[in-house]
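Novice: Below: one structure in structure tokens.
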Amino acid sequence: MNKKADLPYRPCVGVMLANRQGQVFVGQRIDSKEGDAWQMPQGGIDEGESPEVALIRELAEETGIVADLVDIIARSAHEHLYDLPDELIGRLWGGKYRGQAQRWFLVRFKGTDEDINIATAEPEFSAWRWVEAEQLVELIVPFKRPVYREVVQEFRALL
């Protein structure tokens with residue numbers, strides 16, 4: 001029996017943070033060996049936490065952006081699943097998960113670039129920038145690209 005198939009998905013939120021121009025925030029992962037792994041903010045949902053509360057917490061933890069600087073515009077119609085590559089399963093999340101079940105949100109950023117601070121208590125990004133939604137899929141690590149394609153398609157008209 002395949003051990004990976006027996007593992008659950010980690011409950012998670014993803015945040016498509018859009019500025020007033022309709023561009024999307026991406027951060028360069030600080031822990032990437034390739035040096036060019038970008039992603040939108042995301043993170044686990046703690047036990048007893050709603051996805052909306054998790055998204056505000058994760059956004060603050062990863063970008064320094066607080067709740068009063070954003071409006072939640074949309075929530076994905078369903079969870080988006082992705083599996084980790086086999087070589088990462090034992091290295092992430094204590095080997096307890098096969099991948100993530102992500103609930104995505106489109107969030108409008110009402111602040112300025114000066115409100116963004118990736119030098120947080122436990123930094124996840126080494127750099128950040130605004131990009132067009134169409135650029136997202138090419139910036140992300142290959143195993144997450146199908147999810148990013150779906151999220152861009154779902155939220156594109158609202159950007």
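The chains in the structure tokens are called A, B, ... from first to last as shown; in each chain the residues are counted from 1, and the ligands are counted from 1 in the order shown.
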Contacts of A:Arg10 at 7 Å or less, counting only C-alpha atoms, minus same-chain residues fewer than 4 places along, as a PyMOL selection string?
Specialist: chain A and resi 44+97+99-101
Novice: Using the chain letters and numbers from this document, which residues of chain A does DSSP assign to alpha helix (DSSP H), as a JSON list (two decimals) with N, CA and C atoms, in the first residue's frame?
Specialist:
[["chain", "number", "residue", "atom", "x", "y", "z"],
["A", 3, "LYS", "N", 2.12, 4.63, 1.08],
["A", 3, "LYS", "CA", 2.04, 5.43, 2.31],
["A", 3, "LYS", "C", 1.50, 6.83, 2.02],
["A", 4, "LYS", "N", 1.91, 7.43, 0.92],
["A", 4, "LYS", "CA", 1.44, 8.77, 0.56],
["A", 4, "LYS", "C", -0.08, 8.79, 0.47],
["A", 5, "ALA", "N", -0.65, 7.78, -0.14],
["A", 5, "ALA", "CA", -2.11, 7.73, -0.32],
["A", 5, "ALA", "C", -2.84, 7.64, 1.02],
["A", 6, "ASP", "N", -2.16, 7.16, 2.05],
["A", 6, "ASP", "CA", -2.79, 7.04, 3.37],
["A", 6, "ASP", "C", -2.76, 8.34, 4.17],
["A", 51, "PRO", "N", -11.49, 29.56, 8.35],
["A", 51, "PRO", "CA", -10.59, 29.96, 7.25],
["A", 51, "PRO", "C", -10.39, 31.47, 7.19],
["A", 52, "GLU", "N", -11.44, 32.25, 7.47],
["A", 52, "GLU", "CA", -11.32, 33.71, 7.42],
["A", 52, "GLU", "C", -10.35, 34.23, 8.48],
["A", 53, "VAL", "N", -10.42, 33.67, 9.68],
["A", 53, "VAL", "CA", -9.49, 34.06, 10.75],
["A", 53, "VAL", "C", -8.07, 33.64, 10.39],
["A", 54, "ALA", "N", -7.93, 32.45, 9.83],
["A", 54, "ALA", "CA", -6.61, 31.95, 9.42],
["A", 54, "ALA", "C", -6.00, 32.85, 8.35],
["A", 55, "LEU", "N", -6.81, 33.31, 7.41],
["A", 55, "LEU", "CA", -6.27, 34.16, 6.35],
["A", 55, "LEU", "C", -5.75, 35.48, 6.90],
["A", 56, "ILE", "N", -6.45, 36.10, 7.83],
["A", 56, "ILE", "CA", -5.99, 37.35, 8.44],
["A", 56, "ILE", "C", -4.71, 37.11, 9.25],
["A", 57, "ARG", "N", -4.66, 36.02, 10.00],
["A", 57, "ARG", "CA", -3.46, 35.69, 10.78],
["A", 57, "ARG", "C", -2.27, 35.44, 9.87],
["A", 58, "GLU", "N", -2.47, 34.60, 8.85],
["A", 58, "GLU", "CA", -1.37, 34.27, 7.93],
["A", 58, "GLU", "C", -0.87, 35.51, 7.19],
["A", 59, "LEU", "N", -1.80, 36.36, 6.76],
["A", 59, "LEU", "CA", -1.40, 37.58, 6.06],
["A", 59, "LEU", "C", -0.52, 38.46, 6.96],
["A", 60, "ALA", "N", -0.91, 38.61, 8.22],
["A", 60, "ALA", "CA", -0.11, 39.40, 9.15],
["A", 60, "ALA", "C", 1.24, 38.73, 9.40],
["A", 61, "GLU", "N", 1.25, 37.41, 9.58],
["A", 61, "GLU", "CA", 2.50, 36.69, 9.87],
["A", 61, "GLU", "C", 3.49, 36.76, 8.70],
["A", 62, "GLU", "N", 2.98, 36.77, 7.47],
["A", 62, "GLU", "CA", 3.86, 36.70, 6.31],
["A", 62, "GLU", "C", 4.17, 38.05, 5.68],
["A", 63, "THR", "N", 3.25, 39.02, 5.84],
["A", 63, "THR", "CA", 3.41, 40.30, 5.14],
["A", 63, "THR", "C", 3.33, 41.52, 6.04],
["A", 86, "ASP", "N", 7.17, 13.47, -3.89],
["A", 86, "ASP", "CA", 7.55, 12.44, -2.91],
["A", 86, "ASP", "C", 8.74, 12.85, -2.05],
["A", 87, "GLU", "N", 9.72, 13.54, -2.65],
["A", 87, "GLU", "CA", 10.93, 13.89, -1.88],
["A", 87, "GLU", "C", 10.66, 14.95, -0.81],
["A", 88, "LEU", "N", 9.54, 15.64, -0.86],
["A", 88, "LEU", "CA", 9.23, 16.65, 0.15],
["A", 88, "LEU", "C", 8.34, 16.14, 1.27],
["A", 89, "ILE", "N", 7.69, 15.01, 1.08],
["A", 89, "ILE", "CA", 6.71, 14.54, 2.07],
["A", 89, "ILE", "C", 7.32, 14.37, 3.45],
["A", 136, "LEU", "N", 1.41, 34.63, -12.55],
["A", 136, "LEU", "CA", 1.48, 33.81, -11.34],
["A", 136, "LEU", "C", 1.88, 32.37, -11.61],
["A", 137, "VAL", "N", 1.27, 31.75, -12.60],
["A", 137, "VAL", "CA", 1.50, 30.32, -12.84],
["A", 137, "VAL", "C", 2.96, 30.04, -13.18],
["A", 138, "GLU", "N", 3.59, 30.91, -13.96],
["A", 138, "GLU", "CA", 4.98, 30.68, -14.35],
["A", 138, "GLU", "C", 5.96, 30.91, -13.19],
["A", 139, "LEU", "N", 5.55, 31.67, -12.18],
["A", 139, "LEU", "CA", 6.44, 31.97, -11.05],
["A", 139, "LEU", "C", 6.43, 30.89, -9.97],
["A", 145, "ARG", "N", 1.33, 24.54, -9.73],
["A", 145, "ARG", "CA", 0.81, 25.27, -10.89],
["A", 145, "ARG", "C", -0.65, 24.97, -11.21],
["A", 146, "PRO", "N", -1.11, 23.72, -11.14],
["A", 146, "PRO", "CA", -2.53, 23.48, -11.44],
["A", 146, "PRO", "C", -3.47, 24.25, -10.50],
["A", 147, "VAL", "N", -3.13, 24.33, -9.22],
["A", 147, "VAL", "CA", -3.95, 25.08, -8.26],
["A", 147, "VAL", "C", -3.94, 26.56, -8.63],
["A", 148, "TYR", "N", -2.76, 27.11, -8.94],
["A", 148, "TYR", "CA", -2.68, 28.53, -9.28],
["A", 148, "TYR", "C", -3.48, 28.83, -10.55],
["A", 149, "ARG", "N", -3.43, 27.94, -11.54],
["A", 149, "ARG", "CA", -4.25, 28.13, -12.75],
["A", 149, "ARG", "C", -5.73, 28.23, -12.40],
["A", 150, "GLU", "N", -6.19, 27.33, -11.55],
["A", 150, "GLU", "CA", -7.61, 27.31, -11.15],
["A", 150, "GLU", "C", -7.98, 28.57, -10.37],
["A", 151, "VAL", "N", -7.12, 29.00, -9.45],
["A", 151, "VAL", "CA", -7.41, 30.18, -8.63],
["A", 151, "VAL", "C", -7.44, 31.44, -9.50],
["A", 152, "VAL", "N", -6.48, 31.58, -10.41],
["A", 152, "VAL", "CA", -6.47, 32.73, -11.31],
["A", 152, "VAL", "C", -7.75, 32.74, -12.15],
["A", 153, "GLN", "N", -8.13, 31.59, -12.67],
["A", 153, "GLN", "CA", -9.34, 31.50, -13.50],
["A", 153, "GLN", "C", -10.57, 31.89, -12.69],
["A", 154, "GLU", "N", -10.65, 31.40, -11.46],
["A", 154, "GLU", "CA", -11.82, 31.68, -10.63],
["A", 154, "GLU", "C", -11.94, 33.15, -10.24],
["A", 155, "PHE", "N", -10.82, 33.80, -9.94],
["A", 155, "PHE", "CA", -10.86, 35.17, -9.43],
["A", 155, "PHE", "C", -10.56, 36.25, -10.47]]
Novice: What gap, in Å, lies between atom CA of A:Gln21 and atom CA of A:Tyr82?
Specialist: 29.3 Å
Novice: Please measure the separation of atom CA of A:Trp93 and atom CA of A:Lys144, giving the value in Å to one decimal.
Specialist: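 The value is 16.7 Å.
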Novice: Considering only C-alpha atoms, return as a PyMOL selection string whatever protein or nucleic-acid residues lie within 8 Å of A:Ile65, sequence-local ones (same chain, fewer than 6 positions apart) excluded.
Specialist: chain A and resi 59+115-117
Novice: Please save C-alpha atoms of the selected residues as a PDB file, in the first residue's frame.
Specialist:
ATOM      1  CA  LEU A  59      -1.403  37.576   6.062  1.00  0.00           C
ATOM      2  CA  ASP A 115       2.336  48.897   4.976  1.00  0.00           C
ATOM      3  CA  ILE A 116       3.955  45.677   3.729  1.00  0.00           C
ATOM      4  CA  ASN A 117       6.705  44.271   5.942  1.00  0.00           C
TER       5      ASN A 117
END
Novice: Env of A:Glu124: 10 Å cut, atoms = only C-alpha atoms, seq-sep filter 6 positions within chain, self excluded. Answer as a PyMOL selection string.
Specialist: chain A and resi 27-32+41+61-63+118
Novice: From the options A:Ala157, A:Ile73, A:Leu84, A:Val107, which residue's atoms come nearest to A:Leu7, counting only C-alpha atoms?
Specialist: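 Checking each candidate against A:Leu7, we get A:Leu84 as the closest.
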